[in-house]
Structures are given as structure tokens and as C-alpha cells.
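**Q** The structure file query33.txt (compact mmCIF, C-alpha atoms) is provided below.
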# COMPACT_ATOMS: atom_id res chain seq x y z
CA MET A 291 17.55 -98.77 -25.89
CA ARG A 292 20.72 -98.75 -23.84
CA PRO A 293 20.65 -99.29 -20.07
CA ALA A 294 20.94 -96.15 -17.99
CA ALA A 295 24.56 -95.51 -17.11
CA GLY A 296 25.58 -94.53 -13.62
CA ALA A 297 22.05 -94.62 -12.17
CA SER A 298 21.96 -94.51 -8.40
CA ALA A 299 19.18 -95.30 -5.94
CA PRO A 300 17.49 -92.28 -4.33
CA THR A 301 16.59 -92.27 -0.67
CA GLY A 302 12.87 -92.19 -1.47
CA PRO A 303 10.16 -90.71 -3.67
CA ALA A 304 10.62 -87.30 -2.13
CA ALA A 305 14.23 -87.21 -3.28
CA ALA A 306 13.25 -88.58 -6.67
CA SER A 307 10.56 -85.97 -7.12
CA GLN A 308 13.02 -83.20 -6.29
CA GLN A 309 15.19 -84.45 -9.12
CA ALA A 310 12.35 -84.92 -11.59
CA GLY A 311 10.15 -82.09 -10.37
CA ALA A 312 7.13 -82.43 -8.09
CA ALA A 313 3.71 -81.26 -9.31
CA SER A 314 3.04 -77.91 -7.69
CA ALA A 315 -0.74 -78.23 -8.05
CA PRO A 316 -3.24 -80.57 -9.69
CA GLY A 317 -3.17 -79.88 -13.39
CA ALA A 318 0.22 -78.23 -13.32
CA ALA A 319 3.29 -79.66 -15.03
CA PRO A 320 5.99 -80.79 -12.59
CA THR A 321 8.41 -78.02 -11.70
CA GLY A 322 11.51 -78.29 -13.86
CA ASP A 323 9.83 -80.77 -16.24
CA THR A 324 10.59 -79.64 -19.77
CA GLY A 325 7.82 -81.85 -21.12
CA VAL A 326 10.23 -83.12 -23.78
CA ASN A 327 8.98 -86.50 -24.94
CA ASP A 328 12.43 -88.06 -25.05
CA ARG A 329 12.80 -91.83 -24.79
CA SER A 330 16.24 -91.43 -23.24
CA ARG A 331 14.52 -90.25 -20.06
CA PHE A 332 13.57 -93.87 -19.38
CA GLY A 333 16.28 -96.42 -18.64
CA PHE A 334 17.30 -99.46 -16.64
CA ALA A 335 20.70 -100.31 -15.17
CA VAL A 336 21.65 -103.53 -13.38
CA GLU A 337 23.88 -102.99 -10.35
CA ALA A 338 24.28 -106.53 -8.99
CA ARG A 339 23.44 -110.03 -10.21
CA MET A 340 22.81 -113.43 -8.65
CA GLU A 341 23.75 -116.74 -10.27
CA SER A 342 20.07 -117.71 -10.28
CA GLY A 343 19.18 -114.73 -12.50
CA GLY A 344 18.06 -112.34 -9.79
CA ARG A 345 19.38 -108.80 -9.97
CA ALA A 346 19.35 -105.41 -8.28
CA GLY A 347 19.15 -102.29 -10.39
CA VAL A 348 17.48 -98.94 -11.01
CA ILE A 349 14.65 -97.99 -13.35
CA ARG A 350 14.92 -94.34 -14.41
CA THR A 351 11.69 -92.48 -15.31
CA PRO A 352 10.81 -88.83 -16.01
CA HIS A 353 9.42 -88.58 -12.47
CA GLY A 354 12.24 -90.22 -10.55
CA ASP A 355 14.17 -93.44 -10.04
CA ILE A 356 12.85 -96.80 -8.84
CA PRO A 357 15.52 -98.93 -7.10
CA THR A 358 14.81 -102.58 -7.95
CA PRO A 359 13.66 -105.06 -6.84
CA ALA A 360 10.72 -102.90 -5.74
CA PHE A 361 7.16 -103.43 -4.61
CA VAL A 362 4.68 -100.99 -6.18
CA PRO A 363 1.53 -100.32 -4.11
CA VAL A 364 -1.71 -100.42 -6.08
CA GLY A 365 -3.76 -97.25 -6.28
CA THR A 366 -6.57 -98.74 -8.35
CA LYS A 367 -8.71 -95.61 -8.75
CA ALA A 368 -5.85 -93.08 -8.43
CA THR A 369 -5.55 -93.68 -4.70
CA VAL A 370 -3.97 -96.28 -2.48
CA LYS A 371 -7.14 -96.91 -0.51
CA ALA A 372 -7.38 -94.95 2.75
CA VAL A 373 -3.83 -93.55 2.45
CA LYS A 374 -2.65 -90.09 1.35
CA PRO A 375 0.13 -89.83 -1.25
CA ASP A 376 2.58 -88.33 1.24
CA ASP A 377 1.96 -91.31 3.54
CA VAL A 378 2.67 -93.65 0.62
CA ALA A 379 5.99 -91.87 0.12
CA ALA A 380 6.75 -91.92 3.86
CA LEU A 381 6.22 -95.68 4.09
CA GLY A 382 8.99 -96.08 1.52
CA ALA A 383 7.23 -96.65 -1.81
CA HIS A 384 8.91 -95.26 -4.93
CA ALA A 385 6.01 -95.71 -7.36
CA VAL A 386 2.28 -96.48 -7.49
CA LEU A 387 0.19 -98.41 -10.01
CA ALA A 388 -3.32 -97.41 -11.08
CA ASN A 389 -5.94 -99.30 -13.07
CA ALA A 390 -6.70 -98.22 -16.63
CA TYR A 391 -10.07 -100.00 -16.72
CA HIS A 392 -11.42 -98.33 -13.59
CA LEU A 393 -10.10 -94.86 -14.48
CA TYR A 394 -11.47 -95.21 -18.02
CA LEU A 395 -14.95 -95.76 -16.58
CA GLN A 396 -14.60 -93.17 -13.82
CA PRO A 397 -13.71 -90.28 -13.97
CA GLY A 398 -12.51 -90.75 -17.57
CA PRO A 399 -9.02 -90.48 -19.09
CA ASP A 400 -9.76 -87.13 -20.74
CA LEU A 401 -10.32 -85.50 -17.34
CA ILE A 402 -7.08 -86.95 -15.96
CA ASP A 403 -5.22 -85.78 -19.07
CA GLU A 404 -6.63 -82.28 -18.55
CA ALA A 405 -5.40 -82.39 -14.93
CA GLY A 406 -1.85 -82.99 -16.14
CA GLY A 407 -1.77 -86.78 -15.92
CA LEU A 408 -2.21 -89.37 -13.20
CA GLY A 409 0.53 -88.13 -10.87
CA ALA A 410 -0.63 -84.52 -10.92
CA PHE A 411 -4.29 -85.57 -10.60
CA MET A 412 -3.69 -87.65 -7.46
CA GLY A 413 -0.97 -85.48 -5.93
CA TRP A 414 1.76 -88.12 -6.30
CA PRO A 415 5.09 -86.67 -7.51
CA GLY A 416 6.91 -89.95 -8.13
CA PRO A 417 6.80 -92.57 -10.90
CA THR A 418 3.47 -94.12 -11.89
CA PHE A 419 2.34 -97.31 -13.66
CA THR A 420 -0.98 -98.14 -15.31
CA ASP A 421 -2.04 -101.58 -16.47
CA SER A 422 -3.67 -102.07 -19.86
CA GLY A 423 -7.17 -102.88 -18.60
CA GLY A 424 -6.96 -106.34 -20.17
CA PHE A 425 -7.25 -108.24 -16.90
CA GLN A 426 -10.21 -106.24 -15.62
CA VAL A 427 -12.30 -106.11 -18.79
CA MET A 428 -12.23 -109.91 -18.90
CA SER A 429 -11.98 -110.93 -15.25
CA LEU A 430 -14.75 -108.64 -13.98
CA GLY A 431 -17.00 -109.68 -16.82
CA SER A 432 -16.28 -113.41 -16.59
CA GLY A 433 -15.85 -113.96 -12.86
CA PHE A 434 -12.23 -115.10 -13.19
CA LYS A 435 -9.89 -114.43 -10.29
CA LYS A 436 -6.23 -113.58 -10.28
CA VAL A 437 -3.29 -115.99 -10.45
CA LEU A 438 -2.02 -118.22 -7.65
CA SER A 439 -5.61 -119.16 -6.79
CA GLU A 440 -6.44 -122.77 -5.94
CA GLU A 441 -9.75 -122.22 -7.70
CA PHE A 442 -7.98 -122.59 -11.04
CA SER A 443 -5.71 -125.53 -10.28
CA GLY A 444 -8.27 -128.08 -11.47
CA ALA A 445 -9.18 -129.22 -14.95
CA ARG A 446 -12.67 -127.83 -15.34
CA SER A 447 -13.68 -126.80 -18.84
CA ASP A 448 -14.14 -123.24 -20.05
CA GLN A 449 -17.84 -123.95 -20.41
CA ALA A 450 -18.14 -125.23 -16.86
CA VAL A 451 -16.53 -122.08 -15.49
CA ALA A 452 -18.95 -119.84 -17.37
CA ALA A 453 -22.04 -122.00 -16.78
CA GLY A 454 -24.96 -120.25 -15.20
CA LYS A 455 -23.65 -116.70 -15.56
CA GLU A 456 -23.87 -114.05 -18.22
CA ARG A 457 -20.53 -113.43 -19.82
CA MET A 458 -20.01 -109.68 -19.70
CA ALA A 459 -16.82 -109.71 -21.81
CA ASN A 460 -16.49 -111.18 -25.30
CA VAL A 461 -13.15 -111.54 -27.05
CA ASP A 462 -12.49 -111.48 -30.78
CA ASP A 463 -9.32 -111.04 -32.80
CA ASP A 464 -9.71 -107.26 -32.88
CA GLY A 465 -10.41 -106.63 -29.19
CA VAL A 466 -12.84 -107.09 -26.30
CA THR A 467 -16.42 -105.90 -25.95
CA PHE A 468 -17.52 -105.66 -22.34
CA LYS A 469 -20.15 -104.27 -20.01
CA SER A 470 -19.26 -101.82 -17.27
CA HIS A 471 -19.50 -103.31 -13.80
CA LEU A 472 -20.79 -99.89 -12.68
CA ASP A 473 -23.87 -99.44 -14.84
CA GLY A 474 -23.95 -102.19 -17.45
CA SER A 475 -23.10 -99.86 -20.32
CA ARG A 476 -21.27 -101.42 -23.27
CA HIS A 477 -17.68 -100.55 -24.14
CA ARG A 478 -14.93 -101.86 -26.37
CA PHE A 479 -11.19 -102.07 -25.79
CA THR A 480 -8.74 -102.75 -28.58
CA ALA A 481 -4.97 -102.46 -28.59
CA GLU A 482 -5.33 -98.93 -29.93
CA VAL A 483 -7.98 -97.89 -27.41
CA SER A 484 -5.88 -99.20 -24.51
CA MET A 485 -2.91 -97.15 -25.73
CA GLN A 486 -5.08 -94.05 -26.15
CA VAL A 487 -6.52 -94.41 -22.65
CA GLN A 488 -3.12 -94.98 -21.05
CA HIS A 489 -1.50 -92.08 -22.88
CA GLN A 490 -4.22 -89.81 -21.53
CA LEU A 491 -3.70 -91.20 -18.04
CA GLY A 492 -0.03 -90.26 -18.48
CA ALA A 493 1.75 -92.89 -16.36
CA ASP A 494 5.51 -93.31 -16.69
CA ILE A 495 5.15 -97.03 -17.39
CA ILE A 496 2.21 -98.49 -19.31
CA PHE A 497 1.39 -102.02 -20.48
CA ALA A 498 0.41 -103.45 -23.85
CA PHE A 499 -3.11 -104.85 -24.18
CA ASP A 500 -3.19 -108.61 -23.62
CA GLU A 501 -5.76 -111.36 -23.29
CA LEU A 502 -6.33 -112.83 -19.85
CA THR A 503 -6.38 -116.62 -19.64
CA THR A 504 -6.67 -118.90 -16.61
CA LEU A 505 -5.47 -122.34 -15.64
CA VAL A 506 -8.84 -123.82 -16.66
CA ASN A 507 -8.56 -122.70 -20.28
CA THR A 508 -7.70 -125.50 -22.68
CA ARG A 509 -4.27 -125.79 -24.31
CA GLY A 510 -5.88 -124.94 -27.65
CA TYR A 511 -7.41 -121.76 -26.31
CA GLN A 512 -4.12 -120.78 -24.65
CA GLU A 513 -2.45 -120.97 -28.06
CA GLU A 514 -5.16 -118.83 -29.69
CA ALA A 515 -4.96 -116.23 -26.91
CA LEU A 516 -1.17 -116.13 -27.10
CA GLU A 517 -1.29 -115.35 -30.80
CA ARG A 518 -3.92 -112.66 -30.24
CA THR A 519 -1.73 -111.11 -27.54
CA ARG A 520 1.28 -111.18 -29.91
CA LEU A 521 -0.65 -109.40 -32.66
CA TRP A 522 -2.13 -106.92 -30.19
CA ALA A 523 1.41 -106.21 -28.91
CA GLN A 524 2.51 -105.23 -32.42
CA ARG A 525 -0.50 -102.94 -32.76
CA CYS A 526 0.19 -101.41 -29.34
CA ILE A 527 3.73 -100.49 -30.41
CA VAL A 528 2.48 -98.81 -33.59
CA GLU A 529 -0.17 -96.83 -31.73
CA HIS A 530 2.21 -95.99 -28.90
CA GLU A 531 4.71 -94.56 -31.37
CA ARG A 532 1.97 -92.51 -33.07
CA LEU A 533 0.71 -91.11 -29.78
CA THR A 534 4.22 -90.41 -28.50
CA ALA A 535 4.88 -88.27 -31.57
CA ALA A 536 1.49 -86.56 -31.34
CA ARG A 537 1.80 -85.80 -27.62
CA SER A 538 5.27 -84.29 -27.58
CA HIS A 539 4.21 -81.92 -24.77
CA ARG A 540 4.07 -84.88 -22.35
CA PRO A 541 7.03 -86.82 -20.86
CA TYR A 542 7.92 -90.12 -22.48
CA GLN A 543 5.89 -93.14 -21.35
CA ALA A 544 7.67 -96.50 -21.35
CA LEU A 545 5.69 -99.35 -22.92
CA PHE A 546 5.95 -102.88 -21.47
CA GLY A 547 4.84 -105.98 -23.35
CA VAL A 548 2.99 -108.66 -21.36
CA ILE A 549 4.13 -112.29 -21.42
CA GLN A 550 1.35 -114.88 -21.26
CA GLY A 551 1.33 -118.67 -21.78
CA ALA A 552 -0.10 -120.02 -18.49
CA GLN A 553 1.77 -123.09 -17.16
CA TYR A 554 3.15 -124.23 -20.52
CA GLU A 555 6.92 -123.89 -20.90
CA ASP A 556 6.89 -123.78 -24.70
CA LEU A 557 4.19 -121.09 -24.76
CA ARG A 558 5.87 -118.95 -22.11
CA ARG A 559 9.22 -119.15 -23.87
CA LYS A 560 7.64 -118.44 -27.26
CA ALA A 561 5.82 -115.40 -25.89
CA ALA A 562 9.03 -114.11 -24.29
CA ARG A 563 11.01 -114.58 -27.51
CA ASP A 564 8.29 -113.01 -29.67
CA LEU A 565 7.76 -109.96 -27.49
CA GLY A 566 11.43 -109.76 -26.52
CA ALA A 567 12.25 -109.17 -30.18
CA MET A 568 9.83 -106.23 -30.32
CA ASP A 569 10.70 -102.65 -29.44
CA PHE A 570 9.36 -102.63 -25.88
CA ASP A 571 10.96 -100.72 -23.00
CA GLY A 572 10.33 -103.57 -20.56
CA PHE A 573 8.04 -106.50 -19.91
CA GLY A 574 5.23 -107.63 -17.67
CA ILE A 575 4.76 -111.26 -16.66
CA GLY A 576 1.05 -111.97 -16.35
CA GLY A 577 -1.63 -114.59 -16.63
CA ALA A 578 -2.20 -117.80 -14.76
CA LEU A 579 0.64 -118.97 -12.48
CA GLU A 580 0.49 -121.94 -10.15
CA LYS A 581 2.10 -120.99 -6.84
CA ASP A 582 4.35 -124.04 -6.68
CA ARG A 583 5.67 -123.31 -10.18
CA LEU A 584 6.05 -119.54 -9.85
CA GLY A 585 9.85 -119.52 -9.82
CA THR A 586 10.07 -122.01 -12.66
CA ILE A 587 7.77 -119.98 -14.91
CA VAL A 588 9.44 -116.65 -14.12
CA GLY A 589 12.77 -118.36 -14.79
CA TRP A 590 11.67 -119.56 -18.24
CA VAL A 591 10.60 -116.05 -19.16
CA SER A 592 13.70 -114.35 -17.73
CA GLU A 593 15.99 -116.67 -19.69
CA GLU A 594 14.37 -115.55 -22.95
CA LEU A 595 13.89 -111.82 -22.32
CA PRO A 596 16.58 -109.16 -22.95
CA GLU A 597 18.81 -108.77 -19.89
CA ALA A 598 18.95 -104.99 -20.24
CA LYS A 599 15.21 -104.38 -19.81
CA PRO A 600 13.12 -104.50 -16.61
CA ARG A 601 10.55 -107.19 -15.81
CA HIS A 602 7.37 -106.55 -13.82
CA LEU A 603 5.49 -109.47 -12.25
CA LEU A 604 1.81 -108.65 -11.98
CA GLY A 605 -0.18 -109.46 -8.84
CA ILE A 606 2.39 -110.81 -6.34
CA SER A 607 2.99 -109.79 -2.70
CA GLU A 608 3.36 -112.79 -0.37
CA PRO A 609 6.88 -113.00 1.17
CA ASP A 610 7.70 -116.48 -0.17
CA ASP A 611 6.49 -115.54 -3.66
CA LEU A 612 8.60 -112.39 -3.62
CA PHE A 613 11.82 -114.24 -2.74
CA THR A 614 11.06 -116.89 -5.36
CA ALA A 615 10.25 -114.42 -8.13
CA ILE A 616 13.20 -112.13 -7.39
CA ALA A 617 15.63 -115.05 -7.44
CA ALA A 618 14.21 -116.02 -10.85
CA GLY A 619 14.76 -112.55 -12.32
CA ALA A 620 11.68 -110.37 -11.68
CA ASP A 621 12.37 -106.71 -10.86
CA THR A 622 9.12 -105.05 -9.79
CA PHE A 623 5.79 -106.23 -8.40
CA ASP A 624 2.31 -104.97 -7.63
CA CYS A 625 -0.62 -106.40 -5.70
CA VAL A 626 -3.77 -105.15 -3.97
CA SER A 627 -3.41 -107.67 -1.13
CA PRO A 628 -1.52 -105.59 1.49
CA SER A 629 -4.17 -102.87 1.50
CA ARG A 630 -7.13 -105.21 0.94
CA VAL A 631 -6.35 -107.51 3.85
CA ALA A 632 -5.55 -104.51 6.06
CA ARG A 633 -9.15 -103.35 5.79
CA ASN A 634 -10.21 -106.77 7.10
CA ALA A 635 -7.88 -106.55 10.13
CA ALA A 636 -5.20 -108.88 8.75
CA VAL A 637 -1.76 -107.67 9.79
CA TYR A 638 1.68 -108.54 8.42
CA SER A 639 4.46 -109.06 10.95
CA ARG A 640 7.90 -110.64 11.00
CA ASP A 641 6.33 -113.56 12.88
CA GLY A 642 3.63 -114.13 10.28
CA ARG A 643 0.26 -112.68 9.39
CA TYR A 644 -2.38 -112.49 12.12
CA ASN A 645 -5.90 -111.16 12.59
CA LEU A 646 -6.21 -108.22 14.96
CA THR A 647 -9.82 -109.05 15.91
CA GLY A 648 -8.67 -111.77 18.33
CA ALA A 649 -9.66 -111.23 21.96
CA LYS A 650 -6.04 -111.55 23.10
CA TYR A 651 -5.26 -108.19 21.49
CA ARG A 652 -7.89 -106.24 23.47
CA ARG A 653 -5.35 -105.30 26.15
CA ASP A 654 -2.21 -105.66 24.06
CA PHE A 655 -0.44 -102.29 24.13
CA SER A 656 2.47 -103.34 21.94
CA PRO A 657 2.77 -102.17 18.31
CA LEU A 658 1.54 -104.29 15.40
CA ASP A 659 5.14 -105.46 14.87
CA PRO A 660 7.68 -104.49 17.56
CA GLU A 661 10.48 -104.38 14.96
CA CYS A 662 8.59 -102.30 12.40
CA THR A 663 9.66 -98.71 11.72
CA CYS A 664 6.43 -97.45 10.12
CA SER A 665 4.57 -94.47 11.54
CA THR A 666 1.69 -96.65 12.75
CA CYS A 667 3.94 -98.88 14.85
CA ALA A 668 5.82 -95.87 16.19
CA THR A 669 2.64 -94.42 17.69
CA PHE A 670 -0.28 -96.83 18.05
CA SER A 671 -0.93 -100.08 19.93
CA ARG A 672 -2.69 -103.25 18.91
CA ALA A 673 -5.33 -102.52 21.57
CA TYR A 674 -6.07 -99.09 20.11
CA LEU A 675 -6.18 -100.35 16.53
CA ARG A 676 -8.44 -103.26 17.52
CA HIS A 677 -10.72 -100.72 19.19
CA LEU A 678 -10.85 -98.66 15.98
CA TYR A 679 -11.81 -101.75 14.00
CA LYS A 680 -14.52 -102.81 16.43
CA ALA A 681 -15.86 -99.24 16.52
CA LYS A 682 -15.86 -99.15 12.70
CA GLU A 683 -13.70 -96.04 12.68
CA MET A 684 -12.26 -95.06 9.28
CA LEU A 685 -8.86 -94.32 10.77
CA PHE A 686 -8.33 -98.06 11.23
CA SER A 687 -8.01 -98.69 7.49
CA THR A 688 -5.53 -95.85 7.11
CA LEU A 689 -3.22 -96.92 9.92
CA VAL A 690 -3.14 -100.64 9.17
CA THR A 691 -2.78 -100.06 5.42
CA ILE A 692 0.27 -97.88 6.11
CA HIS A 693 1.76 -100.71 8.17
CA ASN A 694 1.01 -103.51 5.71
CA GLU A 695 2.26 -101.60 2.69
CA HIS A 696 5.40 -100.60 4.58
CA PHE A 697 6.01 -104.21 5.59
CA ILE A 698 6.05 -105.44 1.97
CA VAL A 699 7.82 -102.39 0.51
CA ASP A 700 10.50 -102.63 3.19
CA LEU A 701 10.89 -106.38 2.77
CA VAL A 702 11.61 -105.99 -0.95
CA ALA A 703 14.01 -103.14 -0.21
CA ARG A 704 15.85 -105.44 2.24
CA ILE A 705 15.99 -108.13 -0.43
CA ARG A 706 17.51 -105.60 -2.83
CA GLN A 707 20.24 -104.72 -0.36
CA ALA A 708 20.85 -108.41 0.34
CA ILE A 709 21.46 -109.02 -3.37
CA ILE A 710 23.99 -106.17 -3.43
CA ASP A 711 25.66 -107.50 -0.25
CA GLY A 712 25.71 -111.09 -1.51
CA ARG A 713 23.51 -112.45 1.29
CA PHE A 714 20.18 -113.08 -0.46
CA HIS A 715 19.88 -116.70 0.66
CA GLU A 716 20.74 -115.85 4.26
CA LEU A 717 18.00 -113.23 4.34
CA GLU A 718 15.55 -115.61 2.65
CA ALA A 719 16.14 -118.31 5.27
CA GLU A 720 15.89 -115.79 8.10
CA VAL A 721 12.71 -114.06 6.90
CA LEU A 722 10.75 -117.07 5.67
CA GLY A 723 11.82 -119.33 8.53
CA ARG A 724 10.37 -116.84 10.97
CA TYR A 725 7.35 -115.66 8.96
CA TYR A 726 6.04 -119.17 8.26
CA ALA A 727 7.19 -120.81 11.52
CA ASN A 728 3.63 -121.19 12.81
CA ARG A 729 2.55 -123.07 9.68
CA ARG A 730 4.88 -125.98 10.37
Could you quickly redo this structure as C-alpha cells?
**A**
Amino acid sequence: MRPAAGASAPTGPAAASQQAGAASAPGAAPTGDTGVNDRSRFGFAVEARMESGGRAGVIRTPHGDIPTPAFVPVGTKATVKAVKPDDVAALGAHAVLANAYHLYLQPGPDLIDEAGGLGAFMGWPGPTFTDSGGFQVMSLGSGFKKVLSEEFSGARSDQAVAAGKERMANVDDDGVTFKSHLDGSRHRFTAEVSMQVQHQLGADIIFAFDELTTLVNTRGYQEEALERTRLWAQRCIVEHERLTAARSHRPYQALFGVIQGAQYEDLRRKAARDLGAMDFDGFGIGGALEKDRLGTIVGWVSEELPEAKPRHLLGISEPDDLFTAIAAGADTFDCVSPSRVARNAAVYSRDGRYNLTGAKYRRDFSPLDPECTCSTCATFSRAYLRHLYKAKEMLFSTLVTIHNEHFIVDLVARIRQAIIDGRFHELEAEVLGRYYANRR
């Protein structure tokens, strides 16, 4: 696949949806969308590069362009929690990511397919991502948490981690059998099932089925899981090609392979070489990552992967992690953290993250961040928002989520422009020096 030639960054999802065609109603095909399942409708073009491997570019999808680097808000169950799709667009996001596992269990991929796909179902006209479900079927069943967690920096055994709890997910070479966290019913995901579910969900970018590992898994198990993920990746490509041909009435969905290998350089590089040689449209970087080695690991992977294809780093949103990962060559990111912490009154600001429940904010009539341009900061005060939280008003979650998501989306957009302008390191020093000043 050749990089997109002459791609330019739109001013936002609204502009992108005008180009690609916004859904006129749930279940309706986007206006102007021919439905031609043509792979040429997906592409990636690099516009500027850094010596470190970082780059700025544009991902082209059937539902609009994504200027990169870009942060992709997570809409786990076909909604960014507490926020309407038009608010997600207004805060500056160009794409959203939903969760294949959760949507498979409820309401079901067949219903979303009948509605016209994820974007039409949720009223979002721009590009969409879905993950493979691999992380959730194993993490929810086994009690494992996401990467960058101190919980997994030790050397406990696999058995010690699972001791005392029923393992709700069991892995074999063919796939994963798991119990629903909703009702305990039994289900099975294989590479083929994951592809079938994600094709019905209809996202522009989907991910190959992979096996989750953590930093407490042994080296031997990491090797076994890596080989399983490699074989599943091959099966995903075959099934993806079959479904693409069978579903020619739907726009092309780009398939990303997922690079695993935990903290081991040889395994990460092997996975990147193996999957990089396969016919994927792009790549996800997943699995267990120690925070202090994030840039190193992303760098290993970026050095091995094809330069002309985009790279998505799963589960990252902290400002220092974003600068580190972008410098090492990652293009897009997703994470639930901005919306999750918002619901608990944690607020991002240029001077660091703070908790709005503090008594000092009771009579503070300034915005959450005086330099922020989001709609929440333009209208509402810290005192009012603290009142909403204390009164348990639902509006609180909406307004603070808008702010937090805007803060991260805007930060990554500023990083993108800094790469183009040749001032990445100046921006990094300015932003991080101020954001983490109180931690010194």
C-alpha cells in the first residue's frame, strides 16, 4: 500500500465528515458514501520527521482524515462517557475508539451492523477505531490491569497473580474461552471471530486479535504468547480479506497488527519484523510497558516497522508519556484516563493535575484552566463545577470530561504543529516543566 499523496489536515471532524459524508440518520449510509470497499480509501502520508523517529502526518479513512500525532478519545460502549458526539467534535477530536468486547456482549455486533456501523449507530460522522477484544477478554477475566502500572513491575509468578481467584479467561492455541463480566455466560473469541465482530461493528480501523501478557508473565510464557499472536495475525489477515470481499457494500476497514513482547528487546523487534512483513495497513503497539522504558520500547518497534504505515500506541494519555512516545515514532493514541478521572473530579491543567474537591475551590470563580479554550472553561467556574460534584449532578461529568479530553487532544495537536515547525523539544520543555513543576 502506497502512502496517501498530497493529504492535508482538515480543521476538524466536521470538515472531515463533510468530505467523507456525514450519516444523515442512524442506520443510513453517509451522504456521498459510495460504499465501495476500496483499499485505496485508506492511506498514510508523512509530512514532517524528527531525527529521533517522530513524525507528523495524516491518516486518510473513508470517513475523514486524522492529522497525526493524534489522541483518540475512548468511547468504550459507543459513547465517550457523558459527552455527546458533537461535543467530542467541538473539543477537537478527529476520531473515537470503541471496544469490541463490550459491544459484542451488548448490544451485539449484528444490531450495530444493521444500524449502518458504529459511526452511524452512535451519531459520530468521523473516523472510528475498534480494538480486537483481546485485552478485555483476558484482563477482565484474570484481573490484570493495563500497562504502565507499578503493580506489574515486580517479579511475582503467574500462579501468584491468579491465586485465590477464578480465572474467567482461558487461552489455547486456537483462541480464548471466557465468561461475560455481565452475566457469567460463556463465550469464545478466535482470530476469525474477532474479525467477524469488528467487521460488523464497521470501524474504519480495526485491530488483529492478540494475546495480552503482563510484566509478571515469565519469559517462557512471553515467547509462547508471541508465537500465538503471530499465528493469530496471519489468520486475521485471511479472514479480513474474506470478509472485505463478502461485504463489498461497506467502506474498506484498515487492519492493524498488534506488536507484543513485553519488556524484551529481542521479542519486541521479532514481533515488529514478523508482523511488519505481513499485509497490514498499520500497527498497534500493545502489551506490558514499563513507564521508564516506554520510549525505548516504542523506539525498538518503530525501527523495525515499515515507515510508510501508521503506528497506534494503546492506552497512553499522560503528557510525559505522549512526548516520549511521539518522539520515538508513535502516531496515534487512546486511553480512558481523561474521561475516567474527570468523573472523580481530577482536572488537567497547564500547571498540573488537581482535584476539584478541595475546599480552596469553593469560592474560586476562575475557569478550570485560565488558558484553556474549551467550552467548559469559556463558561463555567471552578466554584460552580465543584458545586455540581458535591451535589452529585450529572452535568459535572459532562463538563469536566469535555475539558479533560480537550486538554489532551489539544496538547497532541500542539505537539504535531511543533514537529512541523521544528520546535518539538522547546514545546516539550515548556509543557512538562510547567505541568510537573509541583512534583519537584
**Q** Which of these, A:Gln524, A:Ser665, A:Thr504, A:Gln490, has the shortest distance to A:Gly566 once you count all atoms listed in the file?
**A** A:Gln524
**Q** What is the distance, in Å and to one decimal place, between atom CA of A:Thr614 and atom CA of A:Ile710?
**A**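 Pair atom CA of A:Thr614 / atom CA of A:Ile710 returns 16.9 Å.
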**Q** Can you list, as a list in words, every protein, DNA or RNA residue that comes within 8 Å of A:Ala620 when you count all atoms listed in the file, leaving out same-chain residues fewer than 2 positions away?
**A**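 Counting only the stated atoms, we get Gly344, Pro359, Val588, Ser592, Pro600, Arg601, His602, Leu603, Ala615, Ile616, Ala617, Ala618, Thr622 and Phe623 of chain A.
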**Q** From the options A:Ala515, A:Ala561, A:Val637, A:Ala481, which residue's atoms come nearest to A:Ile549, counting only C-alpha atoms?
**A**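 Of A:Ala515, A:Ala561, A:Val637, A:Ala481, the one nearest A:Ile549, counting only C-alpha atoms, is A:Ala561.
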**Q** Residues within 9 Å of A:Arg558, please, as a ChimeraX atom specification. Count all atoms listed in the file; anything in the same chain fewer than 6 positions from it doesn't count.
**A** /A:549-552,587,590-591
**Q** Kindly complete stretch 674-689 of chain A to N, CA and C atoms; the output should be written as a tab-separated table (two decimals), keeping the file's coordinate frame.
**A**
chain	number	residue	atom	x	y	z
A	674	TYR	N	-5.40	-100.26	20.68
A	674	TYR	CA	-6.07	-99.09	20.11
A	674	TYR	C	-6.59	-99.41	18.71
A	675	LEU	N	-5.76	-100.05	17.91
A	675	LEU	CA	-6.18	-100.35	16.53
A	675	LEU	C	-7.33	-101.35	16.52
A	676	ARG	N	-7.31	-102.33	17.42
A	676	ARG	CA	-8.44	-103.26	17.52
A	676	ARG	C	-9.71	-102.51	17.90
A	677	HIS	N	-9.57	-101.55	18.82
A	677	HIS	CA	-10.72	-100.72	19.19
A	677	HIS	C	-11.27	-99.97	17.97
A	678	LEU	N	-10.40	-99.38	17.17
A	678	LEU	CA	-10.85	-98.66	15.98
A	678	LEU	C	-11.62	-99.58	15.04
A	679	TYR	N	-11.13	-100.81	14.89
A	679	TYR	CA	-11.81	-101.75	14.00
A	679	TYR	C	-13.19	-102.11	14.55
A	680	LYS	N	-13.25	-102.44	15.82
A	680	LYS	CA	-14.52	-102.81	16.43
A	680	LYS	C	-15.52	-101.66	16.41
A	681	ALA	N	-14.99	-100.43	16.53
A	681	ALA	CA	-15.86	-99.24	16.52
A	681	ALA	C	-16.18	-98.77	15.11
A	682	LYS	N	-15.64	-99.49	14.12
A	682	LYS	CA	-15.86	-99.15	12.70
A	682	LYS	C	-15.39	-97.73	12.37
A	683	GLU	N	-14.28	-97.34	12.96
A	683	GLU	CA	-13.70	-96.04	12.68
A	683	GLU	C	-12.84	-96.09	11.41
A	684	MET	N	-12.97	-95.09	10.55
A	684	MET	CA	-12.26	-95.06	9.28
A	684	MET	C	-10.75	-95.03	9.45
A	685	LEU	N	-10.30	-94.43	10.54
A	685	LEU	CA	-8.86	-94.32	10.77
A	685	LEU	C	-8.18	-95.69	10.80
A	686	PHE	N	-8.92	-96.72	11.18
A	686	PHE	CA	-8.33	-98.06	11.23
A	686	PHE	C	-7.73	-98.45	9.88
A	687	SER	N	-8.49	-98.29	8.82
A	687	SER	CA	-8.01	-98.69	7.49
A	687	SER	C	-6.75	-97.93	7.11
A	688	THR	N	-6.70	-96.65	7.43
A	688	THR	CA	-5.53	-95.85	7.11
A	688	THR	C	-4.29	-96.37	7.83
A	689	LEU	N	-4.40	-96.56	9.12
A	689	LEU	CA	-3.22	-96.92	9.92
A	689	LEU	C	-2.71	-98.32	9.61
